[in-house]
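Asks: Just one file: start.cif, with mmCIF, C-alpha atoms.
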```cif
data_query
loop_
_atom_site.label_atom_id
_atom_site.label_comp_id
_atom_site.auth_asym_id
_atom_site.auth_seq_id
_atom_site.Cartn_x
_atom_site.Cartn_y
_atom_site.Cartn_z
CA MET A 36 11.58 -16.03 9.90
CA ASN A 37 8.38 -14.07 9.78
CA THR A 38 5.17 -15.98 10.10
CA VAL A 39 1.69 -15.23 11.24
CA SER A 40 2.36 -17.01 14.48
CA GLU A 41 4.57 -14.98 16.71
CA SER A 42 5.86 -14.98 20.21
CA VAL A 43 3.69 -13.48 22.91
CA SER A 44 6.20 -10.73 23.62
CA GLY A 45 6.42 -9.98 19.89
CA SER A 46 2.64 -9.61 19.75
CA ASP A 47 2.68 -7.34 22.78
CA ASP A 48 5.32 -5.12 21.18
CA LEU A 49 3.30 -4.88 18.02
CA GLU A 50 0.13 -4.08 19.94
CA GLU A 51 1.91 -1.28 21.74
CA LEU A 52 3.34 0.09 18.50
CA LEU A 53 -0.10 -0.16 16.97
CA ASP A 54 -1.70 1.84 19.79
CA ARG A 55 0.96 4.51 19.57
CA SER A 56 0.65 4.65 15.78
CA ARG A 57 -3.07 5.19 16.14
CA SER A 58 -2.40 8.27 18.20
CA GLY A 59 -0.22 9.67 15.42
CA ASP A 60 3.23 8.67 16.73
CA SER A 61 5.35 8.58 13.55
CA ARG A 62 8.26 6.81 15.26
CA ALA A 63 5.97 4.02 16.42
CA PHE A 64 4.56 3.59 12.94
CA GLU A 65 8.06 3.54 11.48
CA ALA A 66 9.01 0.84 14.00
CA LEU A 67 5.92 -1.10 12.98
CA VAL A 68 6.90 -0.81 9.32
CA ARG A 69 10.44 -1.93 10.17
CA ARG A 70 9.09 -5.04 11.90
CA LEU A 71 6.61 -6.06 9.23
CA GLN A 72 8.20 -4.92 5.98
CA PRO A 73 10.38 -8.00 5.33
CA MET A 74 7.39 -10.32 5.23
CA VAL A 75 5.45 -7.97 2.95
CA PHE A 76 8.45 -7.57 0.67
CA ARG A 77 8.84 -11.31 0.49
CA VAL A 78 5.21 -11.78 -0.53
CA ALA A 79 5.63 -9.15 -3.22
CA LEU A 80 8.86 -10.70 -4.53
CA GLY A 81 7.14 -14.06 -4.55
CA PHE A 82 4.42 -12.61 -6.74
CA PHE A 83 6.41 -10.40 -9.05
CA ARG A 84 10.07 -11.29 -8.73
CA ASP A 85 10.87 -7.66 -9.34
CA ARG A 86 12.40 -5.40 -6.75
CA ASP A 87 10.80 -2.15 -7.97
CA GLU A 88 7.36 -3.68 -8.12
CA ALA A 89 7.90 -5.17 -4.65
CA GLN A 90 8.79 -1.74 -3.28
CA GLU A 91 5.61 -0.29 -4.74
CA VAL A 92 3.61 -3.09 -3.13
CA LEU A 93 5.32 -2.33 0.17
CA GLN A 94 4.41 1.36 0.00
CA ASP A 95 0.81 0.68 -0.99
CA THR A 96 0.45 -1.93 1.74
CA PHE A 97 1.57 0.37 4.54
CA LEU A 98 -0.41 3.28 3.13
CA ARG A 99 -3.50 1.08 3.42
CA VAL A 100 -2.44 -0.12 6.86
CA TYR A 101 -1.99 3.47 8.06
CA ARG A 102 -5.35 4.57 6.73
CA ASN A 103 -7.09 1.64 8.39
CA LEU A 104 -5.30 1.46 11.73
CA ASP A 105 -8.65 1.61 13.50
CA ARG A 106 -10.14 -1.18 11.46
CA ILE A 107 -7.80 -4.09 12.10
CA ASP A 108 -9.32 -7.53 11.80
CA ARG A 109 -8.54 -8.92 15.26
CA SER A 110 -9.39 -12.49 14.21
CA VAL A 111 -6.16 -12.81 12.20
CA GLY A 112 -3.97 -10.51 14.29
CA LEU A 113 -1.86 -7.67 12.99
CA ARG A 114 0.55 -9.80 10.98
CA GLY A 115 -2.25 -11.81 9.39
CA TRP A 116 -4.11 -8.64 8.57
CA VAL A 117 -1.05 -7.06 6.94
CA PHE A 118 -0.41 -10.28 5.02
CA ARG A 119 -3.98 -10.14 3.75
CA ILE A 120 -3.62 -6.54 2.62
CA ALA A 121 -0.31 -7.28 0.89
CA THR A 122 -1.72 -10.34 -0.87
CA ASN A 123 -4.78 -8.40 -2.04
CA ILE A 124 -2.60 -5.59 -3.36
CA CYS A 125 -0.43 -8.08 -5.23
CA ILE A 126 -3.55 -9.66 -6.75
CA ASP A 127 -4.97 -6.25 -7.73
CA ARG A 128 -1.73 -5.20 -9.36
CA TYR A 129 -1.47 -8.52 -11.12
CA ARG A 130 -5.02 -8.15 -12.45
CA SER A 131 -4.50 -4.64 -13.74
CA ARG A 132 -1.27 -5.72 -15.32
CA CYS A 133 -3.07 -8.59 -17.06
CA LYS A 134 -5.77 -6.15 -18.22
CA ARG A 135 -3.15 -3.90 -19.74
CA GLY A 136 -1.69 -6.96 -21.41
CA GLU A 137 1.67 -6.10 -19.89
CA LYS A 138 4.23 -8.86 -19.81
CA GLU A 139 6.13 -9.70 -16.68
CA ARG A 140 8.85 -7.14 -16.25
CA GLY A 141 10.48 -9.17 -13.55
CA LEU A 142 13.37 -11.58 -13.71
CA THR A 143 16.12 -9.15 -14.65
CA LEU A 144 17.25 -7.97 -11.23
CA LEU A 145 16.99 -11.24 -9.43
CA GLU A 146 18.44 -13.21 -12.28
CA LYS A 147 21.36 -10.87 -12.47
CA GLU A 148 22.07 -11.30 -8.80
CA ALA A 149 21.70 -15.07 -9.00
CA ALA A 150 23.99 -15.12 -12.02
CA GLU A 151 26.66 -13.14 -10.26
CA GLU A 152 26.58 -15.60 -7.43
CA THR A 153 27.36 -18.63 -9.64
CA SER A 154 30.68 -18.75 -11.37
CA ASP A 155 30.20 -21.75 -13.71
CA PRO A 156 28.50 -20.43 -16.89
CA GLU A 157 26.82 -23.76 -17.70
CA THR A 158 25.37 -24.18 -14.21
CA MET A 159 24.34 -20.56 -14.32
CA LEU A 160 22.50 -21.02 -17.60
CA GLN A 161 20.76 -24.20 -16.44
CA ARG A 162 19.68 -22.60 -13.20
CA SER A 163 18.47 -19.53 -14.98
CA GLU A 164 16.45 -21.58 -17.48
CA ARG A 165 14.90 -23.70 -14.76
CA LEU A 166 13.94 -20.68 -12.71
CA GLU A 167 12.51 -18.95 -15.75
CA LEU A 168 10.42 -22.03 -16.43
CA LEU A 169 9.22 -22.08 -12.85
CA GLN A 170 8.42 -18.36 -12.94
CA ALA A 171 6.44 -18.77 -16.17
CA ALA A 172 4.51 -21.61 -14.52
CA VAL A 173 3.85 -19.54 -11.37
CA ASP A 174 2.62 -16.67 -13.56
CA LYS A 175 0.09 -18.97 -15.14
CA LEU A 176 -1.42 -20.03 -11.81
CA PRO A 177 -4.88 -18.73 -11.00
CA GLU A 178 -4.92 -15.95 -8.36
CA ARG A 179 -5.85 -18.06 -5.39
CA GLU A 180 -3.39 -20.85 -6.21
CA ARG A 181 -0.71 -18.23 -6.70
CA SER A 182 -1.47 -16.63 -3.34
CA VAL A 183 -1.39 -19.95 -1.51
CA PHE A 184 1.80 -20.97 -3.28
CA VAL A 185 3.61 -17.72 -2.45
CA LEU A 186 2.51 -17.67 1.17
CA LYS A 187 3.43 -21.31 1.63
CA HIS A 188 6.69 -21.60 -0.24
CA MET A 189 8.13 -18.09 -0.19
CA ASN A 190 6.88 -16.97 3.23
CA HIS A 191 6.92 -20.33 5.03
CA LEU A 192 3.40 -19.93 6.37
CA LYS A 193 1.59 -23.00 7.67
CA LEU A 194 -1.52 -23.96 5.73
CA LYS A 195 -3.59 -23.09 8.80
CA GLU A 196 -2.11 -19.60 8.84
CA ILE A 197 -2.76 -19.19 5.14
CA ALA A 198 -6.40 -20.12 5.73
CA ALA A 199 -6.69 -17.37 8.35
CA THR A 200 -4.87 -14.85 6.17
CA LEU A 201 -6.94 -15.46 3.06
CA ASP A 202 -10.10 -16.00 5.10
CA ILE A 203 -10.86 -19.41 3.59
CA SER A 204 -11.22 -22.87 5.09
CA LEU A 205 -8.24 -25.13 5.79
CA GLY A 206 -9.71 -27.76 3.46
CA THR A 207 -9.84 -25.22 0.62
CA VAL A 208 -6.24 -24.20 1.29
CA LYS A 209 -5.10 -27.83 1.22
CA SER A 210 -6.81 -28.60 -2.08
CA THR A 211 -5.72 -25.26 -3.59
CA HIS A 212 -2.13 -25.93 -2.54
CA PHE A 213 -2.26 -29.42 -4.05
CA ARG A 214 -3.65 -28.06 -7.32
CA ALA A 215 -1.01 -25.30 -7.41
CA VAL A 216 1.88 -27.73 -6.90
CA ASN A 217 0.40 -30.12 -9.46
CA HIS A 218 0.06 -27.33 -12.03
CA LEU A 219 3.65 -26.30 -11.47
CA ARG A 220 4.89 -29.88 -11.65
CA ARG A 221 3.14 -30.43 -14.97
CA GLU A 222 4.27 -27.11 -16.45
CA VAL A 223 7.87 -27.51 -15.36
CA ALA A 224 8.00 -31.15 -16.51
CA ALA A 225 6.49 -30.22 -19.89
CA GLY A 226 8.87 -27.28 -20.28
CA GLY A 227 11.85 -29.41 -19.32
CA GLU A 228 11.03 -32.01 -21.95
CA ALA A 229 10.40 -29.44 -24.69
CA MET B 40 -0.05 -49.97 -11.65
CA ARG B 41 -1.84 -46.81 -10.57
CA ASN B 42 -4.86 -47.40 -8.37
CA GLY B 43 -7.60 -45.34 -6.73
CA ASN B 44 -5.38 -44.81 -3.73
CA CYS B 45 -2.77 -42.90 -5.77
CA GLU B 46 -4.63 -39.58 -5.66
CA ASP B 47 -4.75 -39.65 -1.84
CA VAL B 48 -1.11 -40.70 -1.60
CA ARG B 49 -0.09 -37.88 -3.94
CA ARG B 50 -1.93 -35.36 -1.78
CA ASP B 51 -0.05 -36.73 1.23
CA MET B 52 3.16 -36.59 -0.76
CA VAL B 53 2.72 -32.88 -1.53
CA MET B 54 1.92 -32.15 2.12
CA TRP B 55 4.90 -34.22 3.24
CA LEU B 56 7.34 -32.41 0.95
CA ALA B 57 5.88 -29.10 2.05
CA GLY B 58 6.68 -30.09 5.65
CA GLU B 59 3.11 -30.54 6.77
CA GLY B 60 2.72 -34.30 7.06
CA ASP B 61 4.63 -37.39 8.15
CA GLY B 62 4.28 -39.14 4.77
CA ALA B 63 3.50 -42.43 6.52
CA SER B 64 1.19 -43.63 3.73
CA VAL B 65 3.68 -42.64 1.05
CA THR B 66 6.58 -45.01 1.69
CA SER B 67 4.64 -48.26 1.60
CA HIS B 68 2.68 -47.18 -1.48
CA LEU B 69 5.81 -46.33 -3.43
CA GLU B 70 7.06 -49.93 -3.16
CA THR B 71 4.22 -51.07 -5.38
CA CYS B 72 3.53 -48.05 -7.64
CA PRO B 73 6.20 -46.99 -10.18
CA GLU B 74 3.95 -44.15 -11.45
CA CYS B 75 3.91 -42.55 -8.05
CA VAL B 76 7.70 -43.02 -7.84
CA ALA B 77 8.01 -41.00 -11.05
CA TYR B 78 5.58 -38.45 -9.64
CA LEU B 79 7.67 -38.10 -6.47
CA LYS B 80 10.79 -37.62 -8.57
CA GLN B 81 9.15 -34.75 -10.47
CA LEU B 82 7.93 -33.23 -7.22
CA LYS B 83 11.40 -33.34 -5.71
CA THR B 84 12.85 -31.57 -8.76
CA LEU B 85 10.14 -28.96 -8.48
CA MET B 86 10.77 -28.43 -4.77
CA GLY B 87 14.48 -28.01 -5.53
CA ASP B 88 13.65 -25.27 -8.04
CA ILE B 89 11.31 -23.63 -5.54
CA ASP B 90 14.12 -23.66 -2.98
CA SER B 91 16.45 -22.00 -5.50
CA ARG B 92 13.88 -19.33 -6.12
CA ARG B 93 13.49 -18.75 -2.42
CA GLU B 94 17.28 -18.46 -2.11
CA GLU B 95 17.20 -15.76 -4.77
CA ILE B 96 14.66 -13.87 -2.72
CA ASP B 97 16.75 -14.36 0.43
CA LEU B 98 19.70 -12.84 -1.39
CA VAL B 99 17.71 -9.75 -2.34
CA MET B 100 16.33 -9.51 1.18
CA GLU B 101 19.83 -9.56 2.66
CA GLU B 102 20.93 -6.64 0.51
CA MET B 103 18.02 -4.36 1.28
CA ASP B 104 18.50 -1.13 3.20
CA TRP B 105 15.61 -1.84 5.57
CA ASP B 106 16.06 1.27 7.71
CA GLY B 107 16.04 3.59 4.73
CA MET B 108 13.09 1.78 3.26
CA ALA B 109 11.12 1.95 6.52
CA ARG B 110 11.67 5.72 6.62
CA ARG B 111 10.56 6.17 3.01
CA VAL B 112 7.52 3.93 3.43
CA THR B 113 6.48 5.68 6.66
CA ARG B 114 6.72 9.10 5.09
CA TYR B 115 4.78 7.91 2.08
CA ALA B 116 2.03 6.44 4.26
CA MET B 117 1.83 9.44 6.58
CA ARG B 118 1.93 12.12 3.92
CA PRO B 119 -1.15 14.32 3.94
CA GLN B 120 -4.12 13.03 2.04
CA PRO B 121 -6.25 16.00 1.09
CA VAL B 122 -9.90 15.39 1.77
CA PRO B 123 -11.86 16.12 -1.41
CA ALA B 124 -14.21 19.09 -1.05
CA LYS B 125 -17.15 16.77 -1.72
CA ALA B 126 -16.26 14.46 1.17
CA ARG B 127 -15.75 17.40 3.48
CA ARG B 128 -19.28 18.48 2.81
CA SER B 129 -20.88 15.08 3.13
CA TRP B 130 -23.44 16.50 5.57
CA ARG B 131 -24.84 18.72 2.84
CA LEU B 132 -26.63 15.96 0.92
CA PRO B 133 -28.77 14.72 3.84
CA LEU B 134 -29.45 18.33 4.81
CA ALA B 135 -30.52 19.16 1.26
CA ALA B 136 -32.76 16.08 1.19
CA ALA B 137 -34.38 17.08 4.51
CA LEU B 138 -34.93 20.66 3.32
CA PHE B 139 -36.36 19.40 0.05
CA GLY B 140 -38.79 17.14 1.95
CA LEU B 141 -39.76 20.01 4.22
CA GLY B 142 -40.35 22.19 1.17
CA LEU B 143 -42.61 19.55 -0.40
CA VAL B 144 -44.71 19.24 2.76
CA THR B 145 -44.98 23.02 3.15
CA GLY B 146 -45.84 23.38 -0.53
CA TYR B 147 -48.54 20.77 -0.24
CA LEU B 148 -50.06 22.39 2.86
CA VAL B 149 -50.07 25.86 1.31
CA PHE B 150 -51.02 25.07 -2.26
CA HIS B 151 -52.91 21.77 -2.19
CA ASP B 152 -56.27 23.41 -2.94
CA ARG B 153 -54.90 25.78 -5.57
CA ASN B 154 -54.53 24.79 -9.20
CA VAL B 155 -51.34 26.60 -10.03
CA ALA B 156 -48.19 26.64 -7.93
CA PRO B 157 -46.37 29.96 -8.06
CA ALA B 158 -43.11 29.92 -10.00
CA ALA B 159 -39.93 30.98 -8.24
CA GLY B 160 -39.72 34.72 -8.55
CA PRO B 161 -36.61 36.73 -9.41
CA GLY B 162 -36.26 37.49 -5.72
CA ASP B 163 -35.90 33.76 -4.86
CA ILE B 164 -33.28 33.18 -7.52
CA GLN B 165 -31.36 36.24 -6.39
CA LEU B 166 -31.44 34.95 -2.80
CA ALA B 167 -30.09 31.52 -3.85
CA ASN B 168 -27.30 33.16 -5.85
CA SER B 169 -26.39 35.38 -2.94
CA ILE B 170 -26.17 32.43 -0.54
CA ARG B 171 -23.93 30.55 -2.98
CA LEU B 172 -21.68 33.58 -3.37
CA VAL B 173 -21.37 33.99 0.39
CA GLU B 174 -20.45 30.31 0.81
CA THR B 175 -17.85 30.52 -1.95
CA ALA B 176 -16.39 33.62 -0.39
CA MET B 177 -16.18 31.87 3.00
CA ASP B 178 -14.36 28.92 1.43
CA ARG B 179 -11.93 31.26 -0.27
CA ARG B 180 -11.28 33.20 2.92
CA GLU B 181 -10.50 29.91 4.68
CA ILE B 182 -7.92 29.12 2.00
CA VAL B 183 -6.53 32.64 2.01
CA ASP B 184 -6.10 32.38 5.77
CA PHE B 185 -4.33 29.04 5.40
CA LEU B 186 -2.05 30.38 2.67
CA GLY B 187 -1.26 33.42 4.78
CA ARG B 188 -0.17 31.24 7.68
CA GLY B 189 1.73 29.02 5.23
CA ARG B 190 3.55 32.03 3.84
CA LEU B 191 4.55 33.06 7.36
CA LEU B 192 5.92 29.58 8.02
CA LEU B 193 7.94 29.66 4.81
CA THR B 194 9.33 33.08 5.73
CA GLU B 195 10.27 31.81 9.19
CA LEU B 196 11.84 28.75 7.61
CA MET B 197 14.07 30.88 5.42
CA HIS B 198 15.24 32.97 8.37
CA ALA B 199 15.29 30.43 11.19
CA THR B 200 18.57 29.77 12.95
CA ASP B 201 20.02 26.27 13.30
CA SER B 202 18.98 26.03 16.94
CA ASP B 203 16.89 23.13 18.22
CA ALA B 204 14.31 25.57 19.57
CA ASP B 205 13.76 27.19 16.16
CA ARG B 206 13.48 23.87 14.44
CA ARG B 207 10.98 22.70 17.03
CA VAL B 208 8.85 25.82 16.51
CA LEU B 209 8.89 25.20 12.76
CA ALA B 210 7.82 21.59 13.28
CA GLU B 211 4.92 22.59 15.53
CA ALA B 212 3.67 25.21 13.09
CA ALA B 213 3.98 22.72 10.22
CA THR B 214 1.99 20.11 12.17
CA ARG B 215 -0.86 22.58 12.75
CA LEU B 216 -0.91 23.63 9.11
CA LEU B 217 -0.80 20.03 7.94
CA ARG B 218 -3.90 19.26 9.99
CA ASP B 219 -5.73 22.18 8.40
CA PHE B 220 -4.48 21.26 4.96
CA ARG B 221 -6.39 17.99 5.11
CA TYR B 222 -9.65 19.94 5.27
CA LEU B 223 -8.83 22.33 2.48
CA GLY B 224 -8.75 19.59 -0.11
CA GLN B 225 -8.07 20.77 -3.64
CA ASN B 226 -10.13 23.92 -3.30
CA PRO B 227 -7.56 26.33 -4.75
CA ALA B 228 -7.42 24.17 -7.87
CA ASN B 229 -11.22 23.94 -7.97
CA ASP B 230 -11.46 27.67 -7.62
CA GLY B 231 -10.17 28.24 -11.09
CA ILE B 232 -6.42 28.11 -10.37
CA PRO B 233 -5.37 24.69 -11.72
CA GLU B 234 -1.67 25.45 -11.17
CA ALA B 235 -2.45 25.71 -7.48
CA ARG B 236 -2.69 21.92 -7.18
CA GLY B 237 1.02 21.43 -7.89
CA VAL B 238 2.00 24.30 -5.58
CA MET B 239 -0.18 22.95 -2.79
CA GLU B 240 1.31 19.47 -3.20
CA ARG B 241 4.84 20.82 -2.90
CA PHE B 242 3.80 22.92 0.05
CA SER B 243 2.28 19.84 1.74
CA TRP B 244 5.59 18.05 1.17
CA VAL B 245 7.34 20.91 2.98
CA LEU B 246 4.89 20.57 5.86
CA THR B 247 5.37 16.80 6.02
CA GLU B 248 9.14 17.07 6.02
CA LEU B 249 9.13 19.66 8.79
CA SER B 250 6.57 17.94 10.99
CA TYR B 251 7.78 14.38 10.58
CA ASP B 252 9.71 13.00 13.56
CA PRO B 253 10.20 16.41 15.25
CA PRO B 254 12.38 18.31 15.57
CA PRO B 255 13.75 17.96 12.01
CA ASP B 256 17.52 17.78 11.83
CA ARG B 257 19.56 20.53 10.19
CA GLU B 258 20.11 18.55 7.06
CA ARG B 259 16.39 18.06 6.55
CA VAL B 260 15.64 21.74 7.15
CA ASP B 261 18.35 22.66 4.61
CA THR B 262 16.86 20.28 2.04
CA VAL B 263 13.45 21.85 2.53
CA ARG B 264 14.91 25.35 2.25
CA ARG B 265 16.61 24.43 -0.99
CA LEU B 266 13.32 23.13 -2.40
CA VAL B 267 11.46 26.28 -1.34
CA GLU B 268 14.08 28.43 -3.04
CA LYS B 269 14.33 26.32 -6.15
CA GLU B 270 10.59 26.17 -6.64
CA ARG B 271 10.06 29.80 -5.63
CA LEU B 272 7.36 28.40 -3.40
CA LEU B 273 7.01 31.49 -1.24
CA LEU B 274 6.25 33.63 -4.27
CA LYS B 275 3.82 31.10 -5.73
CA VAL B 276 1.93 30.77 -2.45
CA ARG B 277 1.71 34.56 -2.26
CA LEU B 278 0.38 34.75 -5.85
CA ILE B 279 -2.36 32.21 -5.20
CA GLU B 280 -3.21 33.92 -1.95
CA ARG B 281 -3.52 37.29 -3.69
CA GLU B 282 -5.64 35.87 -6.48
CA LEU B 283 -8.09 34.24 -4.06
CA GLU B 284 -8.05 37.24 -1.76
CA GLY B 285 -9.09 39.49 -4.65
CA SER B 286 -11.94 37.24 -5.74
CA ALA B 287 -13.17 36.80 -2.14
CA ARG B 288 -13.15 40.56 -1.65
CA GLU B 289 -15.18 41.12 -4.83
CA VAL B 290 -18.04 39.18 -3.24
#
```
Represent the structure of the file as structure tokens.
Replies:
Amino acid sequence: MNTVSESVSGSDDLEELLDRSRSGDSRAFEALVRRLQPMVFRVALGFFRDRDEAQEVLQDTFLRVYRNLDRIDRSVGLRGWVFRIATNICIDRYRSRCKRGEKERGLTLLEKEAAEETSDPETMLQRSERLELLQAAVDKLPERERSVFVLKHMNHLKLKEIAATLDISLGTVKSTHFRAVNHLRREVAAGGEA
Amino acid sequence: MRNGNCEDVRRDMVMWLAGEGDGASVTSHLETCPECVAYLKQLKTLMGDIDSRREEIDLVMEEMDWDGMARRVTRYAMRPQPVPAKARRSWRLPLAAALFGLGLVTGYLVFHDRNVAPAAGPGDIQLANSIRLVETAMDRREIVDFLGRGRLLLTELMHATDSDADRRVLAEAATRLLRDFRYLGQNPANDGIPEARGVMERFSWVLTELSYDPPPDRERVDTVRRLVEKERLLLKVRLIERELEGSAREV
């Protein structure tokens, strides 16, 4: 599982890869991407639930990482810094999508895969409806609540780690997380009754 | 009956279900508060749905070709980013400001007790035009030089053998050209050849492919060769080079 906290040896490896990447070593940068891409991809899938969009987020994230290799925020470490970039890119994309009035283009791929996994059509339908309801509720969350929710529940980050990643206080993360879960609970309960 | 304590207990409940608390205050409170029992039931359903969603993501994650993706992402991130001509000349603005200030001071010292400042004569305008022309010509020669070296690389690429040594030489030449390419920016396109932008982008792709993770394997070199042939890149580079060469020579 990828979290902000990492083993000491893992950090050392990353630091070495980072130094080599800074000096233009493409293999080192590729190794860095290989190590960090699952967590970025997971954040993106948590936000968009669409594989293509998640791949675009992944590319943009590492493009930004590469361009700013000399400007890493040491206070959150490499992983935290990459998490922050990925989250900001997701938020930016989400904003521009909202501006364009574009509807979520997600669901299809993941739903299809989930559907294939379940054989019973009724269970499949119920699961699909519930997840659609949850996705609609997640889409309605304000940016910060959405970020906290994704980092907490899709990426398994501790609230303390989320605070460092988003550069906000632990108290703010706790209350934001509570509000996010409460919003989802209300939306899902209301949708389920309707 | 819900009381003032419920809000705090519900906060604890959310933390507890998210694995960040012991939920000690929750259990005793639930014995006396049916509303919070209902709340907990809703939360548990929600957490179940969240788990299902996470399982979906896990499924997608398991099927990903991470190696292939890491290669694509790395190439995308490390591809050349042309520096815009404006950025390349960022020193010109402060220099212009300093020269302007110097001009003002000189003008004041020379003309402060005269009523009329002399207008710029035809000689001054001609001088400014000449300087601009010389600078443009220098820029164009830089690009022509780059394109000439690029053309040589493409020719070598088309005739190189499959040996490791040849492929290594190609990669080294491509790395040098790629470094220079960053400083050329989009000048060919700005110099009145808009089609040059597309050609330069394809050419930069060739450079990236050859210089990435040296030496490039045979398959990669073949792919690049096919692109160069298909796009008639060698000819296009030569045409742009000739066009710019002609205009630079006119000056």
Asks: How close does each residue of chain A get to chain B, giving the shortest atom pair and distance in Å to one decimal for every residue with an atom at most 9 Å away, counting only C-alpha atoms, sorted by chain and residue number, as CSV?
Replies:
```
residue,atom,partner,partner_atom,distance
A:Asp60,CA,B:Asp252,CA,8.4
A:Ser61,CA,B:Asp252,CA,6.2
A:Arg62,CA,B:Asp252,CA,6.6
A:Phe64,CA,B:Thr113,CA,6.9
A:Glu65,CA,B:Thr113,CA,5.5
A:Ala66,CA,B:Ala109,CA,7.9
A:Leu67,CA,B:Ala109,CA,8.8
A:Val68,CA,B:Ala109,CA,5.8
A:Arg69,CA,B:Ala109,CA,5.4
A:Gln72,CA,B:Ala109,CA,7.5
A:Pro73,CA,B:Met100,CA,7.4
A:Phe76,CA,B:Met100,CA,8.1
A:Arg77,CA,B:Ile96,CA,7.1
A:Leu80,CA,B:Ile96,CA,6.9
A:Gly81,CA,B:Ile96,CA,7.7
A:Arg84,CA,B:Ile96,CA,8.0
A:Arg86,CA,B:Val99,CA,8.2
A:Gln90,CA,B:Met108,CA,8.6
A:Leu93,CA,B:Val112,CA,7.4
A:Gln94,CA,B:Val112,CA,5.3
A:Asp95,CA,B:Ala116,CA,7.9
A:Thr96,CA,B:Ala116,CA,8.9
A:Phe97,CA,B:Ala116,CA,6.1
A:Leu98,CA,B:Ala116,CA,4.1
A:Arg99,CA,B:Ala116,CA,7.7
A:Val100,CA,B:Ala116,CA,8.4
A:Tyr101,CA,B:Ala116,CA,6.3
A:Arg102,CA,B:Ala116,CA,8.0
A:Leu145,CA,B:Glu95,CA,6.5
A:Glu146,CA,B:Glu95,CA,8.0
A:Glu148,CA,B:Glu95,CA,7.7
A:Ala149,CA,B:Glu95,CA,6.2
A:Arg162,CA,B:Ser91,CA,8.4
A:Arg165,CA,B:Asp88,CA,7.0
A:Leu166,CA,B:Asp88,CA,6.6
A:Leu169,CA,B:Asp88,CA,7.3
A:Gln170,CA,B:Arg92,CA,8.8
A:Lys187,CA,B:Ala57,CA,8.2
A:His188,CA,B:Ile89,CA,7.3
A:Met189,CA,B:Arg93,CA,5.8
A:Asn190,CA,B:Arg93,CA,8.9
A:Lys193,CA,B:Glu59,CA,7.7
A:Leu194,CA,B:Glu59,CA,8.1
A:Lys209,CA,B:Met54,CA,8.3
A:Ser210,CA,B:Arg50,CA,8.3
A:His212,CA,B:Val53,CA,8.5
A:Phe213,CA,B:Arg50,CA,6.4
A:Val216,CA,B:Val53,CA,7.5
A:Asn217,CA,B:Leu82,CA,8.4
A:Leu219,CA,B:Leu85,CA,7.6
A:Arg220,CA,B:Leu85,CA,6.2
A:Arg221,CA,B:Gln81,CA,8.7
A:Val223,CA,B:Leu85,CA,7.4
A:Ala224,CA,B:Gln81,CA,7.1
```
Asks: Please, which residues are within 8 Å of (-6.4, -12.0, 6.7) by the file's coordinates, counting only C-alpha atoms, and could they come as a ChimeraX atom specification?
Replies: /A:108,111,115-120,199-202
Asks: At what distance in Å, to one decimal, does atom CA of B:Arg236 lie from atom CA of B:Ala135?
Replies: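 Separating atom CA of B:Ala135 from atom CA of B:Arg236 is a distance of 29.2 Å.
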Asks: What would the selection look like, as a ChimeraX atom specification, if the PyMOL selection byres ((chain B and resi 200-203) around 12) were run on the coordinates I just shared?
Replies: /B:195-199,204-210,253-261
Asks: Distance atom CA of B:Leu273-atom CA of B:Leu193, one decimal place?
Replies: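 Atom CA of B:Leu193 lies 6.4 Å from atom CA of B:Leu273.
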Asks: Between B:Lys275, B:Leu138, B:Trp130, B:Leu283, which is the closest to B:Asp178 once you count only C-alpha atoms?
Replies: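 Among the listed residues, the smallest separation from B:Asp178 belongs to B:Leu283.
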Asks: Can you list what the PyMOL selection byres ((chain B and resi 268-272) around 9) grabs from this structure, as a ChimeraX atom specification?
Replies: /B:190,193,197,238,241-242,263-267,273-277
Asks: One decimal, Å: what's the distance from atom CA of B:Met239 over to atom CA of B:Ser169, could you say?
Replies: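 Straight-line distance from atom CA of B:Met239 to atom CA of B:Ser169 works out to 29.0 Å.
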